[in-house]
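*Asks:* One file: model.txt (compact mmCIF, C-alpha atoms).
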```txt
# COMPACT_ATOMS: atom_id res chain seq x y z
CA MET A 1 22.71 -126.51 -30.06
CA LEU A 2 23.42 -123.69 -27.63
CA THR A 3 26.10 -121.15 -28.43
CA ARG A 4 28.60 -119.86 -25.91
CA HIS A 5 26.20 -116.98 -25.22
CA GLY A 6 23.38 -119.48 -24.75
CA TRP A 7 25.31 -121.48 -22.15
CA GLY A 8 26.27 -118.24 -20.44
CA ALA A 9 22.60 -117.27 -20.29
CA ILE A 10 21.73 -120.66 -18.73
CA VAL A 11 24.41 -120.21 -16.06
CA LEU A 12 23.21 -116.67 -15.38
CA ALA A 13 19.56 -117.80 -15.15
CA VAL A 14 20.34 -120.60 -12.69
CA THR A 15 22.63 -118.42 -10.59
CA THR A 16 20.12 -115.56 -10.43
CA ALA A 17 17.22 -117.88 -9.57
CA VAL A 18 19.21 -119.65 -6.80
CA ILE A 19 20.32 -116.35 -5.25
CA GLY A 20 16.80 -114.97 -5.44
CA ARG A 21 15.37 -118.10 -3.84
CA PHE A 22 18.07 -118.28 -1.14
CA PHE A 23 17.76 -114.65 -0.09
CA GLY A 24 14.06 -114.42 -0.75
CA VAL A 25 14.42 -111.75 -3.45
CA LEU A 26 11.47 -112.37 -5.72
CA GLU A 27 12.72 -110.04 -8.44
CA LEU A 28 15.97 -112.05 -8.89
CA PHE A 29 14.02 -115.30 -9.03
CA VAL A 30 11.68 -113.86 -11.68
CA LEU A 31 14.70 -112.52 -13.64
CA GLY A 32 16.38 -115.94 -13.63
CA ALA A 33 13.17 -117.61 -14.76
CA GLY A 34 12.78 -115.01 -17.52
CA ILE A 35 16.31 -115.58 -18.84
CA PHE A 36 15.75 -119.35 -18.84
CA THR A 37 12.45 -118.87 -20.68
CA LEU A 38 14.24 -116.72 -23.29
CA VAL A 39 16.80 -119.48 -23.91
CA VAL A 40 14.04 -122.07 -24.35
CA ALA A 41 12.18 -119.78 -26.72
CA ALA A 42 15.35 -119.19 -28.76
CA PHE A 43 15.89 -122.96 -28.97
CA LEU A 44 12.34 -123.55 -30.17
CA TRP A 45 12.57 -120.69 -32.69
CA ALA A 46 15.78 -122.02 -34.22
CA HIS A 47 14.29 -125.51 -34.62
CA ALA A 48 10.84 -124.33 -35.69
CA ARG A 49 11.55 -124.63 -39.45
CA ARG A 50 14.35 -126.19 -41.40
CA VAL A 51 16.31 -124.21 -43.96
CA ASP A 52 15.86 -125.83 -47.38
CA LEU A 53 18.48 -124.67 -49.89
CA ASP A 54 19.50 -125.89 -53.33
CA VAL A 55 23.22 -125.30 -53.92
CA ARG A 56 25.12 -125.70 -57.20
CA ARG A 57 28.90 -125.43 -57.40
CA HIS A 58 31.16 -124.42 -60.27
CA VAL A 59 34.96 -124.25 -60.10
CA VAL A 60 36.76 -121.70 -62.29
CA PRO A 61 39.00 -122.73 -63.96
CA SER A 62 37.99 -126.39 -64.10
CA THR A 63 41.65 -127.48 -63.99
CA LEU A 64 44.18 -125.98 -61.59
CA GLN A 65 47.89 -126.45 -61.19
CA VAL A 66 50.00 -125.73 -58.13
CA GLY A 67 50.58 -122.00 -57.68
CA GLU A 68 47.34 -120.89 -59.31
CA VAL A 69 44.27 -119.45 -57.61
CA GLY A 70 40.82 -120.65 -58.62
CA ARG A 71 37.35 -119.63 -57.59
CA VAL A 72 34.42 -121.69 -56.33
CA GLU A 73 31.13 -120.18 -57.45
CA LEU A 74 27.93 -121.08 -55.59
CA ARG A 75 24.35 -120.54 -56.76
CA ILE A 76 22.05 -120.80 -53.76
CA THR A 77 18.27 -121.06 -54.07
CA ASN A 78 15.76 -120.89 -51.22
CA ARG A 79 13.37 -123.73 -52.04
CA THR A 80 10.77 -122.70 -49.46
CA LYS A 81 8.15 -119.95 -49.71
CA LEU A 82 9.27 -118.29 -46.48
CA THR A 83 11.99 -115.71 -45.99
CA THR A 84 15.04 -117.05 -44.18
CA SER A 85 16.90 -115.39 -41.36
CA PRO A 86 20.55 -114.34 -41.94
CA LEU A 87 22.54 -117.50 -42.70
CA HIS A 88 26.13 -118.56 -42.08
CA LEU A 89 27.60 -121.04 -44.57
CA TRP A 90 30.72 -123.09 -43.88
CA GLU A 91 32.54 -125.24 -46.44
CA PRO A 92 35.65 -127.20 -45.37
CA VAL A 93 38.47 -127.60 -47.90
CA SER A 94 40.83 -130.55 -47.37
CA GLY A 95 44.17 -129.42 -46.01
CA MET A 96 43.26 -125.74 -46.27
CA GLY A 97 40.77 -125.03 -43.47
CA GLY A 98 37.61 -123.79 -45.12
CA ALA A 99 35.52 -120.88 -46.30
CA THR A 100 32.90 -118.93 -44.34
CA LEU A 101 30.11 -117.14 -46.17
CA ARG A 102 27.47 -114.86 -44.66
CA VAL A 103 24.18 -114.63 -46.53
CA ALA A 104 21.52 -111.98 -46.01
CA PRO A 105 17.88 -113.08 -45.54
CA MET A 106 16.56 -114.76 -48.69
CA ARG A 107 12.98 -114.48 -49.89
CA GLY A 108 11.08 -117.60 -50.87
CA GLY A 109 12.33 -118.94 -54.22
CA GLU A 110 15.12 -116.35 -54.39
CA THR A 111 18.48 -117.32 -55.95
CA ILE A 112 21.73 -115.61 -55.05
CA SER A 113 25.38 -116.07 -56.04
CA ALA A 114 28.37 -116.33 -53.75
CA ASN A 115 31.99 -117.32 -54.28
CA TYR A 116 35.30 -117.81 -52.50
CA ARG A 117 38.92 -118.07 -53.57
CA LEU A 118 40.56 -121.49 -53.89
CA PRO A 119 44.38 -121.24 -53.80
CA ALA A 120 46.08 -124.38 -55.15
CA THR A 121 48.94 -124.80 -52.70
CA ARG A 122 49.61 -128.51 -53.22
CA ARG A 123 49.03 -131.10 -55.92
CA GLY A 124 46.58 -133.97 -55.64
CA THR A 125 42.85 -134.47 -55.21
CA LEU A 126 41.24 -131.54 -53.43
CA VAL A 127 37.94 -132.25 -51.65
CA PHE A 128 35.65 -129.48 -50.47
CA GLY A 129 32.37 -129.85 -48.70
CA PRO A 130 29.92 -130.79 -47.41
CA LEU A 131 28.49 -127.29 -47.30
CA THR A 132 26.90 -126.60 -43.92
CA VAL A 133 24.31 -123.92 -43.19
CA GLU A 134 23.96 -122.43 -39.73
CA ARG A 135 20.75 -120.70 -38.60
CA ARG A 136 20.79 -118.60 -35.43
CA ASP A 137 18.06 -117.07 -33.36
CA PRO A 138 17.91 -113.24 -33.21
CA PHE A 139 19.70 -113.21 -29.81
CA GLY A 140 22.51 -115.55 -30.86
CA LEU A 141 21.74 -118.05 -28.09
CA CYS A 142 21.12 -121.14 -30.22
CA THR A 143 22.23 -122.41 -33.62
CA VAL A 144 21.03 -125.19 -35.90
CA ARG A 145 23.41 -126.70 -38.45
CA HIS A 146 22.79 -129.14 -41.27
CA ASP A 147 24.32 -130.04 -44.62
CA VAL A 148 22.82 -128.48 -47.73
CA ALA A 149 25.33 -129.76 -50.33
CA GLY A 150 27.61 -132.77 -50.57
CA THR A 151 31.29 -132.95 -51.42
CA HIS A 152 33.05 -131.98 -54.63
CA GLU A 153 36.47 -132.98 -55.91
CA ILE A 154 38.97 -131.44 -58.30
CA VAL A 155 42.48 -132.55 -59.15
CA VAL A 156 45.25 -129.99 -58.70
CA LEU A 157 47.91 -130.77 -61.29
CA PRO A 158 51.63 -130.54 -60.50
CA ALA A 159 53.34 -127.26 -61.24
CA HIS A 160 54.77 -127.53 -64.75
CA ILE A 161 56.06 -125.51 -67.66
CA ALA A 162 55.83 -126.31 -71.35
CA LEU A 163 59.24 -126.48 -72.99
CA THR A 164 60.18 -126.87 -76.62
CA LEU A 165 61.45 -130.37 -77.32
CA PRO A 166 64.47 -130.86 -79.58
CA SER A 167 63.69 -132.27 -83.00
CA GLY A 168 65.54 -134.35 -85.53
CA SER A 169 66.51 -131.29 -87.55
CA GLY A 170 67.17 -127.66 -86.93
CA SER A 171 67.93 -128.05 -83.20
CA SER A 172 70.84 -126.67 -81.22
CA GLY A 173 72.33 -127.59 -77.86
CA PRO A 174 74.06 -130.93 -77.13
CA ILE A 175 70.84 -132.97 -77.28
CA GLY A 176 69.56 -131.12 -80.33
CA ARG A 177 72.81 -131.69 -82.22
CA HIS A 178 72.85 -135.35 -81.22
CA LEU A 179 69.32 -135.86 -82.48
CA ARG A 180 70.13 -134.08 -85.73
CA MET A 181 73.09 -136.38 -86.36
CA ARG A 182 70.97 -139.43 -85.47
CA SER A 183 68.17 -138.38 -87.80
CA LEU A 184 70.51 -137.62 -90.71
CA GLY A 185 72.09 -141.02 -90.29
CA ARG A 186 68.76 -142.84 -90.69
CA ASP A 187 67.08 -143.98 -93.89
CA GLY A 188 63.78 -142.31 -93.06
CA THR A 189 60.35 -143.35 -94.20
CA GLU A 190 58.81 -140.31 -95.96
CA PHE A 191 59.53 -140.33 -99.74
CA HIS A 192 60.87 -137.00 -100.96
CA SER A 193 62.24 -137.30 -104.54
CA LEU A 194 64.44 -139.23 -106.97
CA ARG A 195 67.99 -138.29 -107.90
CA ASP A 196 70.87 -139.75 -109.85
CA TYR A 197 72.98 -142.38 -108.18
CA ALA A 198 76.30 -141.15 -106.72
CA ASP A 199 79.30 -143.11 -105.52
CA GLY A 200 78.82 -144.26 -101.93
CA ASP A 201 75.00 -144.42 -102.03
CA ASP A 202 73.41 -147.45 -100.40
CA LEU A 203 72.44 -149.93 -103.13
CA ARG A 204 69.25 -150.66 -101.18
CA SER A 205 68.04 -147.13 -101.91
CA ILE A 206 68.13 -147.61 -105.72
CA HIS A 207 64.71 -147.30 -107.31
CA TRP A 208 64.93 -150.07 -109.90
CA ARG A 209 61.72 -149.28 -111.77
CA ALA A 210 62.70 -145.67 -112.32
CA SER A 211 66.25 -146.73 -113.23
CA ALA A 212 64.92 -149.09 -115.89
CA ARG A 213 63.20 -146.18 -117.63
CA SER A 214 66.30 -143.98 -117.44
CA GLU A 215 69.83 -144.08 -118.75
CA THR A 216 71.23 -143.73 -115.19
CA LEU A 217 70.50 -145.34 -111.87
CA LYS A 218 67.94 -143.48 -109.75
CA VAL A 219 68.04 -143.30 -105.94
CA ARG A 220 65.11 -142.64 -103.59
CA GLU A 221 65.55 -139.62 -101.34
CA VAL A 222 63.59 -139.61 -98.08
CA GLU A 223 63.06 -137.04 -95.40
CA PRO A 224 65.15 -137.58 -92.25
CA GLU A 225 63.05 -138.85 -89.38
CA GLY A 226 62.31 -136.57 -86.46
CA LEU A 227 61.06 -137.32 -82.96
CA ARG A 228 58.07 -139.64 -82.76
CA ARG A 229 57.95 -140.82 -79.14
CA CYS A 230 58.59 -139.54 -75.65
CA THR A 231 58.79 -141.86 -72.67
CA VAL A 232 58.82 -140.21 -69.24
CA VAL A 233 59.83 -142.35 -66.26
CA LEU A 234 59.56 -141.03 -62.69
CA ASP A 235 61.67 -142.86 -60.15
CA ALA A 236 59.46 -142.99 -57.04
CA SER A 237 62.07 -144.44 -54.65
CA ALA A 238 61.88 -142.46 -51.41
CA SER A 239 65.60 -143.04 -50.74
CA GLU A 240 66.47 -140.87 -53.72
CA TYR A 241 64.71 -137.74 -52.54
CA THR A 242 63.98 -135.21 -49.88
CA PRO A 243 60.35 -134.05 -49.73
CA GLU A 244 61.31 -130.91 -51.65
CA SER A 245 63.31 -132.69 -54.35
CA PHE A 246 60.52 -135.22 -54.94
CA GLU A 247 58.12 -132.35 -55.67
CA ARG A 248 60.71 -130.99 -58.13
CA ALA A 249 60.87 -134.45 -59.71
CA VAL A 250 57.09 -134.60 -60.13
CA SER A 251 57.08 -131.11 -61.66
CA ALA A 252 59.91 -132.04 -64.04
CA ALA A 253 58.04 -135.16 -65.18
CA ALA A 254 54.87 -133.09 -65.66
CA SER A 255 56.82 -130.52 -67.70
CA ALA A 256 58.19 -133.24 -69.97
CA ILE A 257 54.66 -134.60 -70.48
CA ALA A 258 53.30 -131.13 -71.25
CA SER A 259 56.11 -130.56 -73.75
CA ALA A 260 55.51 -133.90 -75.48
CA GLY A 261 51.82 -133.06 -75.69
CA ARG A 262 52.57 -129.77 -77.45
CA SER A 263 54.73 -131.67 -79.96
CA ALA A 264 52.00 -134.28 -80.61
CA LEU A 265 54.34 -137.18 -79.80
CA TRP A 266 53.37 -140.71 -78.81
CA MET A 267 53.59 -140.54 -75.02
CA ARG A 268 54.24 -143.05 -72.29
CA LEU A 269 54.41 -142.38 -68.55
CA VAL A 270 55.93 -144.77 -66.02
CA VAL A 271 55.74 -143.93 -62.29
CA GLY A 272 57.70 -146.33 -60.10
CA SER A 273 56.83 -149.96 -60.62
CA GLU A 274 53.04 -149.55 -60.34
CA THR A 275 51.96 -147.19 -63.11
CA ASP A 276 52.56 -147.64 -66.82
CA LEU A 277 50.40 -145.47 -69.11
CA ARG A 278 51.09 -146.27 -72.74
CA ASN A 279 49.90 -144.09 -75.60
CA THR A 280 48.48 -141.74 -73.00
CA ASN A 281 47.39 -138.12 -73.26
CA PRO A 282 48.68 -135.13 -71.27
CA LEU A 283 45.63 -134.80 -69.00
CA ALA A 284 45.55 -138.48 -68.00
CA ALA A 285 49.28 -138.42 -67.33
CA MET A 286 48.97 -135.23 -65.26
CA HIS A 287 46.24 -136.81 -63.14
CA ALA A 288 48.50 -139.80 -62.45
CA LEU A 289 51.34 -137.49 -61.42
CA ALA A 290 49.03 -135.37 -59.24
CA ASP A 291 48.33 -138.25 -56.86
CA CYS A 292 51.67 -140.09 -56.94
CA ALA A 293 53.88 -140.44 -53.85
CA ALA A 294 57.39 -141.60 -53.02
CA ILE A 295 57.53 -145.17 -51.71
CA ASP A 296 60.02 -147.00 -49.51
CA ALA A 297 61.12 -149.47 -52.16
CA ASP A 298 63.95 -149.83 -54.63
CA PHE A 299 63.22 -148.85 -58.19
CA ALA A 300 62.18 -151.64 -60.52
CA MET A 301 60.90 -151.09 -64.04
CA PRO A 302 59.57 -154.40 -65.32
CA PHE A 303 58.15 -152.73 -68.41
CA ALA A 304 60.26 -153.18 -71.53
CA SER A 305 60.57 -150.15 -73.76
CA PRO A 306 58.38 -150.61 -76.83
CA THR A 307 60.00 -150.90 -80.22
CA GLY A 308 59.03 -148.53 -82.97
CA GLU A 309 60.23 -146.56 -85.94
CA GLY A 310 61.74 -143.12 -85.64
CA LEU A 311 63.64 -141.42 -82.89
CA GLY A 312 62.38 -141.08 -79.35
CA LEU A 313 63.26 -139.39 -76.08
CA PHE A 314 63.54 -141.38 -72.86
CA VAL A 315 63.33 -138.90 -69.96
CA MET A 316 64.40 -140.51 -66.67
CA VAL A 317 63.50 -138.30 -63.69
CA THR A 318 65.38 -139.47 -60.60
CA GLY A 319 67.45 -138.31 -57.64
CA SER A 320 70.95 -138.49 -59.13
CA PRO A 321 72.66 -139.71 -62.33
CA GLN A 322 74.05 -142.68 -60.36
CA SER A 323 70.69 -144.00 -59.16
CA ALA A 324 69.51 -147.58 -59.70
CA ALA A 325 66.76 -146.20 -61.93
CA VAL A 326 69.33 -144.84 -64.39
CA THR A 327 71.09 -148.22 -64.49
CA GLU A 328 67.78 -149.93 -65.17
CA ALA A 329 66.91 -147.41 -67.88
CA ARG A 330 70.21 -147.96 -69.70
CA ARG A 331 69.50 -151.70 -69.73
CA LYS A 332 65.96 -151.49 -71.08
CA ILE A 333 65.99 -148.40 -73.27
CA ASN A 334 64.95 -148.71 -76.92
CA PRO A 335 68.01 -148.42 -79.21
CA ASN A 336 66.19 -145.68 -81.12
CA ASP A 337 65.66 -143.59 -77.98
CA VAL A 338 67.95 -140.90 -76.56
CA LEU A 339 68.33 -141.04 -72.77
CA ILE A 340 67.91 -137.78 -70.85
CA ILE A 341 68.53 -137.91 -67.10
CA VAL A 342 66.83 -135.29 -64.89
CA ALA A 343 68.64 -135.20 -61.53
CA CYS A 344 66.56 -133.59 -58.77
CA THR A 345 68.57 -134.24 -55.59
CA ALA A 346 72.29 -134.37 -56.46
CA ILE A 347 74.21 -133.79 -59.66
CA GLY A 348 77.77 -134.76 -58.66
CA GLY A 349 79.70 -137.82 -59.78
CA PRO A 350 80.47 -139.22 -63.22
CA ALA A 351 77.58 -139.75 -65.60
CA ASN A 352 77.32 -140.85 -69.18
CA GLY A 353 74.74 -139.24 -71.39
CA PHE A 354 72.70 -136.07 -71.16
CA VAL A 355 72.02 -134.82 -67.63
CA ILE A 356 69.54 -132.04 -66.78
CA ASP A 357 70.17 -130.24 -63.47
CA ALA A 358 66.93 -129.90 -61.49
CA THR A 359 68.49 -129.71 -58.02
CA GLU A 360 67.14 -126.18 -57.53
CA ASP A 361 63.60 -124.90 -57.94
CA ASN A 362 64.39 -122.66 -60.91
CA GLY A 363 67.20 -124.74 -62.39
CA PHE A 364 65.25 -127.25 -64.48
CA ALA A 365 64.06 -124.90 -67.22
CA THR A 366 67.46 -123.20 -67.55
CA SER A 367 69.33 -126.50 -67.76
CA TRP A 368 66.77 -127.96 -70.19
CA VAL A 369 67.08 -124.99 -72.57
CA ALA A 370 70.88 -125.15 -72.44
CA MET A 371 70.97 -128.88 -73.20
CA THR A 372 68.26 -129.02 -75.86
CA GLY A 373 68.52 -125.64 -77.51
CA GLY A 374 64.78 -125.21 -76.99
CA ARG A 375 62.91 -122.51 -75.15
CA VAL A 376 60.14 -122.03 -72.61
CA ALA A 377 56.78 -121.94 -74.36
CA ASN A 378 54.67 -118.80 -73.96
CA ASP A 379 51.45 -120.62 -73.08
CA ALA A 380 52.38 -123.22 -70.43
CA ARG A 381 48.72 -124.08 -69.72
CA ALA A 382 47.94 -125.07 -73.29
CA ALA A 383 49.22 -128.60 -72.74
CA SER A 384 47.08 -129.27 -69.68
```
Take the structure in this file and express it as structure tokens.

*Replies:*
Amino acid sequence: MLTRHGWGAIVLAVTTAVIGRFFGVLELFVLGAGIFTLVVAAFLWAHARRVDLDVRRHVVPSTLQVGEVGRVELRITNRTKLTTSPLHLWEPVSGMGGATLRVAPMRGGETISANYRLPATRRGTLVFGPLTVERRDPFGLCTVRHDVAGTHEIVVLPAHIALTLPSGSGSSGPIGRHLRMRSLGRDGTEFHSLRDYADGDDLRSIHWRASARSETLKVREVEPEGLRRCTVVLDASASEYTPESFERAVSAAASAIASAGRSALWMRLVVGSETDLRNTNPLAAMHALADCAAIDADFAMPFASPTGEGLGLFVMVTGSPQSAAVTEARRKINPNDVLIIVACTAIGGPANGFVIDATEDNGFATSWVAMTGGRVANDARAAS
């Protein structure tokens, strides 16, 4: 195709030839014909041979989260035996414009490396490509474009931080103290030792075989149970959020998943009424959160909370503590689970239970640490 300079040359050639013909100036007519011949020659030169490149992509790092900057590395090989002219490469990136690369002439069989920055400004699936090569004639009058590489996709994970989860023992903060009291009040399952019976001990804990070989009754001591499960539920009702607060909600849910992954807990992720990932892993859960969206529908969680031994956390991420999602969670929560409400739009109004304030961009981590007695982990990327 002709460039802007090429079309300008055509207009100049026609104008000069017409003027020369009209006024009988042979030199102008010859000049116009010469310019037109140059444009035709440039067109034929550009189309004379096709550029044949082999392109391999590599994204560093392979997993990105919002706020990070990656790099796309290209290895380009000239598969022909002829030297190319200077090349212009263009690769579109969904939602971000694209990258332009200029490549010097490549000898036959030569391989070069090129790269461009890939800022992760939003979560979700990021598509880049196809990579287009543009070959121009020496005068810049004509260009030929064709694709030399297809598309490539990566998933940009939601922005998240890894926090320390409270445990059944040794935790501070309101949630940590509550879990400690719950764990100490349970029988436990891990055998620890035998001791003499004392007044007030549960008769069911008496070890009768050991007591028969002793002059006193013996009682089994077990280790208090700690956390075993973490269920994260993201309320996807559009009525509960602004666009900004929904992104905070997704990040809060991702942070809870990353934290559960660091603690090696049994994990479950529920997003709205469509997604229920049971016994999932952090990466699969992050991918589900990366592509989720708020929907114009009331919250409905038809999935009953699974029963199981040991304590669990039930993290409900929603707009406010008075949302329909919180009501639904209270109705279906496992009796062994502790409900934690993460409010991302409004915090006002009465609420029963533990409420984390995520109504501001930097408020979630501070509120979480204050309520759980945990801390922000040093390596937030380790969970993803």

*Asks:* With distances taken over only C-alpha atoms, which residue among A:Thr359, A:Thr366, A:Thr318, A:Ser113 lies nearest Ser237 (chain A)?

*Replies:*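 Once distances to Ser237 (chain A) are computed over only C-alpha atoms, the minimum belongs to A:Thr318.
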
*Asks:* Determine, counting all atoms listed in the file, which protein, DNA and RNA residues have an atom within 9 Å of an atom of Cys292 (chain A); residues of the same chain fewer than 6 positions away are not included. Present the result as a PyMOL selection string.

*Replies:* chain A and resi 124+236+250+271

*Asks:* Mind giving me the straight-line distance from CA of Leu157 (chain A) to CA of Ala249 (chain A) in Å, one decimal?

*Replies:*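 If I compute the distance from CA of Leu157 (chain A) to CA of Ala249 (chain A), I get 13.6 Å.
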
*Asks:* Could you tell me how far CA of Leu163 (chain A) lies from CA of Val232 (chain A), in Å and to one decimal?

*Replies:*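 Separation of CA of Leu163 (chain A) and CA of Val232 (chain A): 14.2 Å.
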
*Asks:* Show me, as a list in words, the residues that have an atom within 7 Å of Asp337 (chain A) when counting all atoms listed in the file, minus same-chain residues fewer than 2 positions from it.

*Replies:*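 Non-adjacent residues within range: Leu311, Gly312, Leu313, Phe314, Ile333, Asn334, Pro335 and Leu339 of chain A.
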
*Asks:* What is the distance between CA of Gly108 (chain A) and CA of Ala46 (chain A), in Å to one decimal?

*Replies:* 17.9 Å

*Asks:* Identify the residues within 12 Å of coordinate (58.5, -141.0, -57.3) (same frame as the file), considering only C-alpha atoms, and give the answer as a PyMOL selection string.

*Replies:* chain A and resi 232-253+270-275+288-300+316-319+325+344

*Asks:* Write out as a VMD selection string the residues lying within 8 Å of Val103 (chain A), counting only C-alpha atoms and excluding same-chain residues fewer than 5 positions away.

*Replies:* chain A and resid 86 to 89

*Asks:* Keeping only C-alpha atoms, write those residues as an mmCIF file, in the coordinates of the input.

*Replies:*
```cif
data_model
loop_
_atom_site.group_PDB
_atom_site.id
_atom_site.type_symbol
_atom_site.label_atom_id
_atom_site.label_comp_id
_atom_site.auth_asym_id
_atom_site.auth_seq_id
_atom_site.Cartn_x
_atom_site.Cartn_y
_atom_site.Cartn_z
ATOM 1 C CA PRO A 86 20.550 -114.340 -41.940
ATOM 2 C CA LEU A 87 22.540 -117.500 -42.700
ATOM 3 C CA HIS A 88 26.130 -118.560 -42.080
ATOM 4 C CA LEU A 89 27.600 -121.040 -44.570
#
```

*Asks:* Using only C-alpha atoms, pick whichever of A:Leu194, A:Cys230, A:Val66, A:Ala358 has the shortest atom-to-atom distance to Arg262 (chain A).

*Replies:*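 For Arg262 (chain A), the nearest of the candidates is A:Cys230.
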
*Asks:* Just checking: using all atoms listed in the file, which residue out of A:Thr83, A:Asn115, A:Thr125, A:Asn336 ends up closest to Val155 (chain A)?

*Replies:* A:Thr125

*Asks:* Using only C-alpha atoms for the distances, tell me which of A:Thr345, A:Thr77, A:Gln65, A:Thr143 is nearest to Ala254 (chain A).

*Replies:*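 Closest candidate: A:Gln65.
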
*Asks:* Tell me which of A:Phe139, A:Trp208, A:Trp90, A:Phe128 sits closest to His152 (chain A), counting only C-alpha atoms.

*Replies:*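 Nearest candidate to His152 (chain A) out of A:Phe139, A:Trp208, A:Trp90, A:Phe128: A:Phe128.
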
*Asks:* Which residue, A:Ser85, A:Thr164, A:Thr63, A:Ser367, has the smallest gap to Pro138 (chain A) when you use only C-alpha atoms?

*Replies:*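 For Pro138 (chain A), the nearest of the given residues is A:Ser85.
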
*Asks:* At a cut-off of 8 Å from (50.6, -146.4, -71.1) in the coordinates of the file, what residues are picked up using only C-alpha atoms, written as a VMD selection string?

*Replies:* chain A and resid 267 to 270 276 to 280

*Asks:* Env of Val355 (chain A): 8 Å cut, atoms = all atoms listed in the file, seq-sep filter 4 positions within chain, self excluded. Answer as a PyMOL selection string.

*Replies:* chain A and resi 321+340-343+351
